[in-house]
Structure formats: structure tokens, C-alpha cells
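Reproduced below: query-v2.txt, with compact mmCIF, C-alpha atoms.
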```txt
# COMPACT_ATOMS: atom_id res chain seq x y z
CA MET A 1 -24.01 13.28 0.34
CA PRO A 2 -24.53 10.37 -2.09
CA ALA A 3 -25.81 7.02 -0.95
CA GLU A 4 -22.84 4.77 -0.29
CA ILE A 5 -22.56 1.53 -2.21
CA GLU A 6 -23.31 -1.34 0.13
CA ILE A 7 -20.28 -3.47 0.91
CA ASP A 8 -20.76 -7.08 1.92
CA SER A 9 -20.06 -7.67 5.63
CA TYR A 10 -17.54 -10.33 4.63
CA CYS A 11 -15.46 -7.57 3.13
CA LEU A 12 -15.43 -5.44 6.27
CA CYS A 13 -15.29 -8.12 8.96
CA LEU A 14 -12.94 -10.62 7.37
CA SER A 15 -11.21 -12.83 9.92
CA ASP A 16 -7.43 -12.94 9.75
CA GLN A 17 -7.34 -16.61 10.75
CA SER A 18 -6.69 -17.71 7.16
CA ILE A 19 -3.62 -15.48 6.85
CA PRO A 20 -0.41 -17.33 7.78
CA LYS A 21 0.87 -16.02 11.12
CA LYS A 22 4.31 -15.06 9.84
CA PRO A 23 6.05 -11.70 10.17
CA PHE A 24 6.49 -9.70 6.97
CA PHE A 25 7.62 -6.30 5.78
CA PHE A 26 5.62 -3.90 3.64
CA LEU A 27 6.75 -0.90 1.62
CA ARG A 28 4.51 1.41 -0.35
CA HIS A 29 6.15 2.76 -3.51
CA GLY A 30 7.88 6.14 -3.58
CA GLN A 31 6.25 9.36 -4.69
CA THR A 32 5.10 10.02 -8.26
CA ASP A 33 3.99 13.31 -9.77
CA TRP A 34 0.40 12.07 -9.57
CA ASN A 35 0.33 11.74 -5.80
CA ARG A 36 1.81 15.06 -4.87
CA LEU A 37 -0.52 17.07 -2.67
CA ASP A 38 -0.53 19.98 -5.11
CA GLY A 39 -2.11 17.82 -7.81
CA LEU A 40 -3.41 14.58 -6.33
CA ARG A 41 -4.73 12.23 -9.03
CA LEU A 42 -6.03 8.67 -8.85
CA GLN A 43 -3.40 6.36 -10.28
CA GLY A 44 -4.93 2.89 -9.99
CA HIS A 45 -3.54 0.76 -12.83
CA GLN A 46 -2.02 3.74 -14.65
CA ASP A 47 1.68 2.99 -15.02
CA THR A 48 3.19 6.15 -13.57
CA GLU A 49 6.87 6.36 -12.66
CA LEU A 50 8.68 7.59 -9.57
CA ASN A 51 9.78 11.21 -9.58
CA ASP A 52 13.10 12.38 -8.13
CA THR A 53 11.61 12.67 -4.65
CA GLY A 54 10.20 9.15 -4.93
CA ARG A 55 13.59 7.73 -5.89
CA LEU A 56 15.19 9.48 -2.94
CA GLN A 57 12.49 8.10 -0.63
CA ALA A 58 13.06 4.59 -1.98
CA GLN A 59 16.81 4.91 -1.40
CA LYS A 60 16.23 6.03 2.19
CA ALA A 61 13.96 3.03 2.70
CA ALA A 62 16.63 0.78 1.22
CA ASP A 63 19.17 2.21 3.67
CA LEU A 64 16.86 1.40 6.59
CA LEU A 65 16.25 -2.14 5.35
CA ARG A 66 19.84 -2.83 4.33
CA THR A 67 20.58 -5.24 7.18
CA VAL A 68 17.39 -7.25 6.86
CA HIS A 69 18.02 -10.50 4.99
CA PHE A 70 14.78 -11.01 3.09
CA SER A 71 14.13 -14.44 1.66
CA ALA A 72 12.46 -12.68 -1.27
CA VAL A 73 10.94 -9.40 -2.38
CA TYR A 74 7.50 -9.35 -4.00
CA CYS A 75 6.29 -6.30 -5.90
CA SER A 76 3.43 -5.00 -7.98
CA PRO A 77 4.05 -5.01 -11.76
CA LEU A 78 3.38 -1.25 -11.96
CA LYS A 79 6.51 0.82 -12.63
CA ARG A 80 6.35 2.91 -9.46
CA ALA A 81 6.41 -0.23 -7.29
CA ARG A 82 8.90 -2.17 -9.42
CA GLU A 83 11.42 0.66 -9.37
CA THR A 84 11.01 1.07 -5.60
CA ALA A 85 11.56 -2.65 -5.10
CA GLN A 86 14.59 -2.73 -7.39
CA ILE A 87 16.22 0.12 -5.44
CA VAL A 88 15.77 -1.88 -2.22
CA VAL A 89 17.13 -5.06 -3.80
CA ASP A 90 20.15 -3.25 -5.25
CA GLY A 91 20.88 -1.71 -1.84
CA GLY A 92 20.83 -4.97 0.11
CA HIS A 93 23.83 -6.67 1.65
CA VAL A 94 22.87 -10.01 0.14
CA THR A 95 21.39 -11.04 -3.18
CA MET A 96 17.66 -11.60 -2.94
CA PRO A 97 15.13 -12.68 -5.57
CA LEU A 98 12.61 -10.12 -6.83
CA HIS A 99 9.22 -11.53 -7.84
CA VAL A 100 6.67 -9.46 -9.77
CA ASP A 101 3.19 -10.42 -8.58
CA ASP A 102 0.05 -9.21 -10.35
CA GLY A 103 -1.96 -9.64 -7.15
CA LEU A 104 -0.09 -6.69 -5.64
CA ARG A 105 -1.46 -4.12 -8.11
CA GLU A 106 -3.29 -1.04 -6.91
CA GLN A 107 -7.09 -1.02 -6.94
CA TYR A 108 -8.52 -0.47 -10.42
CA PHE A 109 -10.59 2.73 -10.49
CA GLY A 110 -11.95 2.51 -14.04
CA PRO A 111 -12.94 5.91 -15.49
CA TRP A 112 -11.72 7.67 -12.35
CA GLU A 113 -8.09 6.90 -13.14
CA GLY A 114 -6.09 9.98 -14.03
CA ARG A 115 -8.71 12.34 -12.60
CA TYR A 116 -8.08 14.79 -9.77
CA VAL A 117 -9.33 13.49 -6.45
CA HIS A 118 -11.01 16.71 -5.40
CA ASP A 119 -12.98 16.86 -8.68
CA ILE A 120 -14.35 13.38 -7.97
CA ALA A 121 -15.10 14.26 -4.36
CA ARG A 122 -16.96 17.39 -5.42
CA GLU A 123 -19.08 15.40 -7.90
CA LEU A 124 -19.96 12.94 -5.14
CA GLY A 125 -21.03 15.73 -2.81
CA PHE A 126 -18.08 15.68 -0.43
CA ASN A 127 -16.48 18.90 0.70
CA ARG A 128 -12.71 19.24 0.54
CA SER A 129 -12.14 18.44 4.22
CA ALA A 130 -14.12 15.20 3.90
CA VAL A 131 -11.39 13.63 1.78
CA SER A 132 -8.46 14.15 4.13
CA ASP A 133 -8.36 10.36 3.98
CA ILE A 134 -9.46 9.51 0.46
CA SER A 135 -10.14 5.90 1.32
CA VAL A 136 -13.62 7.32 2.03
CA LEU A 137 -14.12 7.18 -1.75
CA ALA A 138 -13.60 3.41 -1.81
CA GLY A 139 -17.29 2.64 -1.41
CA TYR A 140 -18.30 4.84 -4.35
CA VAL A 141 -16.17 3.52 -7.19
CA PRO A 142 -17.83 3.21 -10.64
CA GLU A 143 -19.41 -0.10 -11.59
CA SER A 144 -16.63 -0.84 -14.08
CA ALA A 145 -13.96 -0.38 -11.39
CA GLU A 146 -12.68 -2.95 -8.89
CA SER A 147 -15.08 -3.04 -5.97
CA GLU A 148 -13.99 -3.02 -2.36
CA TYR A 149 -15.27 -6.59 -2.09
CA ALA A 150 -13.20 -7.75 -5.08
CA LEU A 151 -10.14 -5.90 -3.83
CA THR A 152 -10.44 -7.52 -0.40
CA ASN A 153 -10.65 -10.98 -1.93
CA ARG A 154 -7.57 -10.25 -4.05
CA VAL A 155 -5.55 -8.91 -1.13
CA ARG A 156 -6.52 -11.86 1.04
CA SER A 157 -5.59 -14.50 -1.52
CA THR A 158 -2.32 -12.71 -2.38
CA LEU A 159 -1.27 -12.53 1.27
CA GLN A 160 -2.13 -16.19 1.77
CA ARG A 161 -0.01 -17.19 -1.19
CA ILE A 162 3.02 -14.98 -0.48
CA LEU A 163 3.12 -15.65 3.26
CA ALA A 164 3.03 -19.38 2.62
CA GLU A 165 6.58 -18.99 1.25
CA PRO A 166 9.69 -18.95 3.50
CA GLY A 167 10.19 -15.61 5.21
CA PRO A 168 10.82 -12.93 5.99
CA VAL A 169 9.51 -11.38 2.79
CA LEU A 170 9.17 -7.77 1.72
CA ILE A 171 5.99 -6.75 -0.12
CA VAL A 172 6.21 -3.60 -2.26
CA SER A 173 2.78 -2.41 -3.28
CA HIS A 174 0.28 0.46 -3.08
CA SER A 175 -1.88 2.39 -0.63
CA GLY A 176 -5.06 0.51 -1.51
CA PHE A 177 -3.40 -2.85 -0.90
CA LEU A 178 -2.00 -1.55 2.39
CA ARG A 179 -5.37 -0.18 3.52
CA VAL A 180 -7.11 -3.50 2.96
CA THR A 181 -4.22 -5.49 4.48
CA CYS A 182 -4.58 -3.50 7.68
CA ARG A 183 -8.33 -4.06 7.75
CA ILE A 184 -7.97 -7.80 7.17
CA LEU A 185 -5.46 -8.02 10.02
CA GLY A 186 -7.61 -5.91 12.34
CA LEU A 187 -5.23 -2.94 12.39
CA GLU A 188 -5.59 0.81 12.03
CA ASN A 189 -4.07 2.08 8.78
CA ARG A 190 -1.84 4.71 10.39
CA TYR A 191 1.22 4.67 8.13
CA ARG A 192 0.18 5.74 4.65
CA GLN A 193 3.18 7.78 3.56
CA ASN A 194 5.18 6.89 0.48
CA ALA A 195 8.16 4.56 0.95
CA THR A 196 7.77 4.10 4.70
CA PRO A 197 8.94 0.56 5.63
CA LEU A 198 6.49 -1.29 7.88
CA PHE A 199 6.88 -4.47 9.91
CA PHE A 200 3.81 -6.64 10.47
CA SER A 201 4.02 -9.38 13.08
CA PRO A 202 1.61 -11.77 14.83
CA ASP A 203 0.82 -10.85 18.44
CA SER A 204 0.93 -14.11 20.39
CA VAL A 205 -0.62 -12.52 23.47
CA ALA A 206 -3.59 -10.79 21.82
CA LYS A 207 -3.76 -13.45 19.06
CA GLY A 208 -3.91 -10.70 16.47
CA TRP A 209 -1.36 -8.59 14.61
CA THR A 210 0.81 -5.56 15.24
CA VAL A 211 2.36 -3.10 12.80
CA GLU A 212 5.19 -0.68 13.42
CA LEU A 213 7.72 1.36 11.51
CA ALA A 214 10.41 -1.04 10.37
CA GLY A 215 13.05 1.65 10.61
CA MET A 216 12.27 2.14 14.29
CA GLN A 217 12.14 -1.60 14.91
CA TYR A 218 15.42 -2.52 13.25
CA GLN A 219 17.47 0.65 12.89
CA LYS A 220 16.15 2.56 15.93
CA GLN A 221 15.10 5.53 13.83
CA SER A 222 12.79 8.05 15.52
CA GLN A 223 10.96 9.31 12.45
CA PRO A 224 9.33 7.67 9.40
CA ILE A 225 10.49 8.45 5.90
CA ILE A 226 7.87 10.78 4.44
CA GLY A 227 9.47 13.14 1.95
CA GLU A 228 7.10 15.62 0.33
CA ILE A 229 3.85 13.66 0.47
CA GLY A 230 1.17 13.61 3.14
CA GLU A 231 -1.19 10.94 4.35
CA VAL A 232 -3.94 11.57 1.84
CA SER A 233 -2.09 10.26 -1.20
CA LEU A 234 -3.50 7.30 -3.05
CA GLY A 235 -1.95 4.81 -5.45
```
Full structure transcribed into C-alpha cells:
Amino acid sequence: MPAEIEIDSYCLCLSDQSIPKKPFFFLRHGQTDWNRLDGLRLQGHQDTELNDTGRLQAQKAADLLRTVHFSAVYCSPLKRARETAQIVVDGGHVTMPLHVDDGLREQYFGPWEGRYVHDIARELGFNRSAVSDISVLAGYVPESAESEYALTNRVRSTLQRILAEPGPVLIVSHSGFLRVTCRILGLENRYRQNATPLFFSPDSVAKGWTVELAGMQYQKQSQPIIGEIGEVSLG
């Protein structure tokens, strides 16, 4: 097992007190060919597009969110997120502005981008079962990639800026952004599937945050939208 890159404690123990205590929705983009389980590749800043399954997932998410009147939708500039966001906007009952925000990009993985996850894991000394949650690779990214510390700072500042705007807003982004958002807010990252709408809200009793499936919260659905992708996908 390789020695893990040390991550500053600020990165791992960041207080959520600077994040505006306003409810918001989050949607990870739909599936692409690169994050299918039969050929999982690191996408990062590579501009991959949704596949047919991903478009269907995005449409199902749009159906669940149809009655929510968002003040605005914010999305990553990468095609897979922009197309997902546009499908949601087009499916809404009311016209809503769509803002492309560079701060919502996926983590940059440098020379790892485009490579198969299990090849990277093998080179690092992990066995296949050790990467059932490939966020374990986050502390080992190459020097030229975006570090976990830099990613956390970017996520934090982006959330501060977007949540300062009138709500409720929908954020359409990536698994890395979601993972760090959950950590910043003191939450377990349980919902990592493609195109699964999430609702984040401040908990006035515990003075923290909660996250739940938006479809269950607003449409009383009993199951998340998961399509053909499992929890280990990244990007």
C-alpha cells in the first residue's frame, strides 16, 4: 500500500459555518460511457457526453423535479452536466435561468484522466475490492492534478457564492464536487448514483445539515433514480 499524500486538517475538518444556511438541490450528471461499471474511467475535465442511459436518467430526474420552482439552475461547464441541466430546465413548469459556473467542474486528475480506474488502483497497490468507493484514490492524485485541499477550497467558495443568491437553487455537477460538499457539511456521502436528485437543508435542531432524496421528499417516490450505474462511478 503506498504512503498516502498528507491532506491538511483544514481540508478534512472544515466547518460549515461559512456556508449560507439555505436549502438547495443537487443533481449529479447522467451516465456517460466512461462511468459505466464495465469500463470505468476517470473523466475529470475530459468533456464526455451523456449516453442514451444518461439522457433517460436526466429526464427521469426532470420529471421528479418538475414541480419545484427553482430560482435558478447552476451547472458545470462540462457537456455531461450542461446537458443534464438543460434537460431539467426544459422539463420545468416555469422558465428558469441556467447559469454555467466554472467552479462546479469535476476534480482535475491530470495524467490520470481517461485511464481505467482499476489500472490506477493496481499501480498504487490497491486490490480490486479496495476501490469499491474510488474516492479512496483522492489522496493519491499526481502532483499536476487538483489536490484534495484545492478542490475543497473551490467547492467551499462556490457554495458560498451560489447559496448567497435567492433560492431555492439547483446545482448540477459531479461526484467529486458532491463528495466534498457532503464532507464540508458534515454529512455521509450516501447518494452517489448518476442523476439522483438530492435535497440539502439546514437542521435547526442539530445546527448542522441533512440530505435526502429529493424525489422522496417532494414526489413521495420510494426509490432513487439509478439506471445502469453503481455507486463506484466517478466524474
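Nearest to Asn51 in chain A of all the residues A:Leu185, A:Pro142, A:Ala72, A:Asn194 is A:Asn194, counting all atoms listed in the file.
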Tell me, as a list in words, which residues lie within 10 Å of Gly167 in chain A, counting all atoms listed in the file; anything in the same chain fewer than 4 positions away does not count.
-> Lys22, Pro23, Phe24, Phe25, His69, Phe70, Ser71, Ala72, Val73, Ile162 and Leu163 of chain A
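With all atoms listed in the file as the basis for measurement, A:Leu40 is the residue among A:Val89, A:Leu40, A:Ala214, A:Val94 that approaches Gly114 in chain A most closely.
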With distances taken over all atoms listed in the file, the candidate from A:Glu165, A:Glu83, A:Glu212, A:Asp52 nearest Lys21 in chain A is A:Glu165
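A straight line drawn from CA of Thr84 in chain A to CA of Arg36 in chain A is 16.8 Å long.
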Work out how far CA of Ser173 in chain A is from CA of Lys60 in chain A, in Å to one decimal.
->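 Calculated distance between CA of Lys60 in chain A and CA of Ser173 in chain A is 16.8 Å.
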For Ala61 in chain A, work out the shell of residues within 9 Å, counting all atoms listed in the file and skipping chain neighbours fewer than 3 positions away, then give it as a list in words.
->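 Counting all atoms listed in the file, the residues come to Leu27, Leu56, Gln57, Ala58, Leu64, Leu65, Arg66, Ile87, Val88, Ala195, Thr196, Pro197, Gly215 and Ile225 of chain A.
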Preceding selection exported with C-alpha atoms as a short mmCIF file (atom, residue, chain, number, x, y, z; two decimals), in the coordinates of the input:
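Output below, filename result37.cif:
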```
data_model
loop_
_atom_site.label_atom_id
_atom_site.label_comp_id
_atom_site.auth_asym_id
_atom_site.auth_seq_id
_atom_site.Cartn_x
_atom_site.Cartn_y
_atom_site.Cartn_z
CA LEU A 27 6.75 -0.90 1.62
CA LEU A 56 15.19 9.48 -2.94
CA GLN A 57 12.49 8.10 -0.63
CA ALA A 58 13.06 4.59 -1.98
CA LEU A 64 16.86 1.40 6.59
CA LEU A 65 16.25 -2.14 5.35
CA ARG A 66 19.84 -2.83 4.33
CA ILE A 87 16.22 0.12 -5.44
CA VAL A 88 15.77 -1.88 -2.22
CA ALA A 195 8.16 4.56 0.95
CA THR A 196 7.77 4.10 4.70
CA PRO A 197 8.94 0.56 5.63
CA GLY A 215 13.05 1.65 10.61
CA ILE A 225 10.49 8.45 5.90
#
```
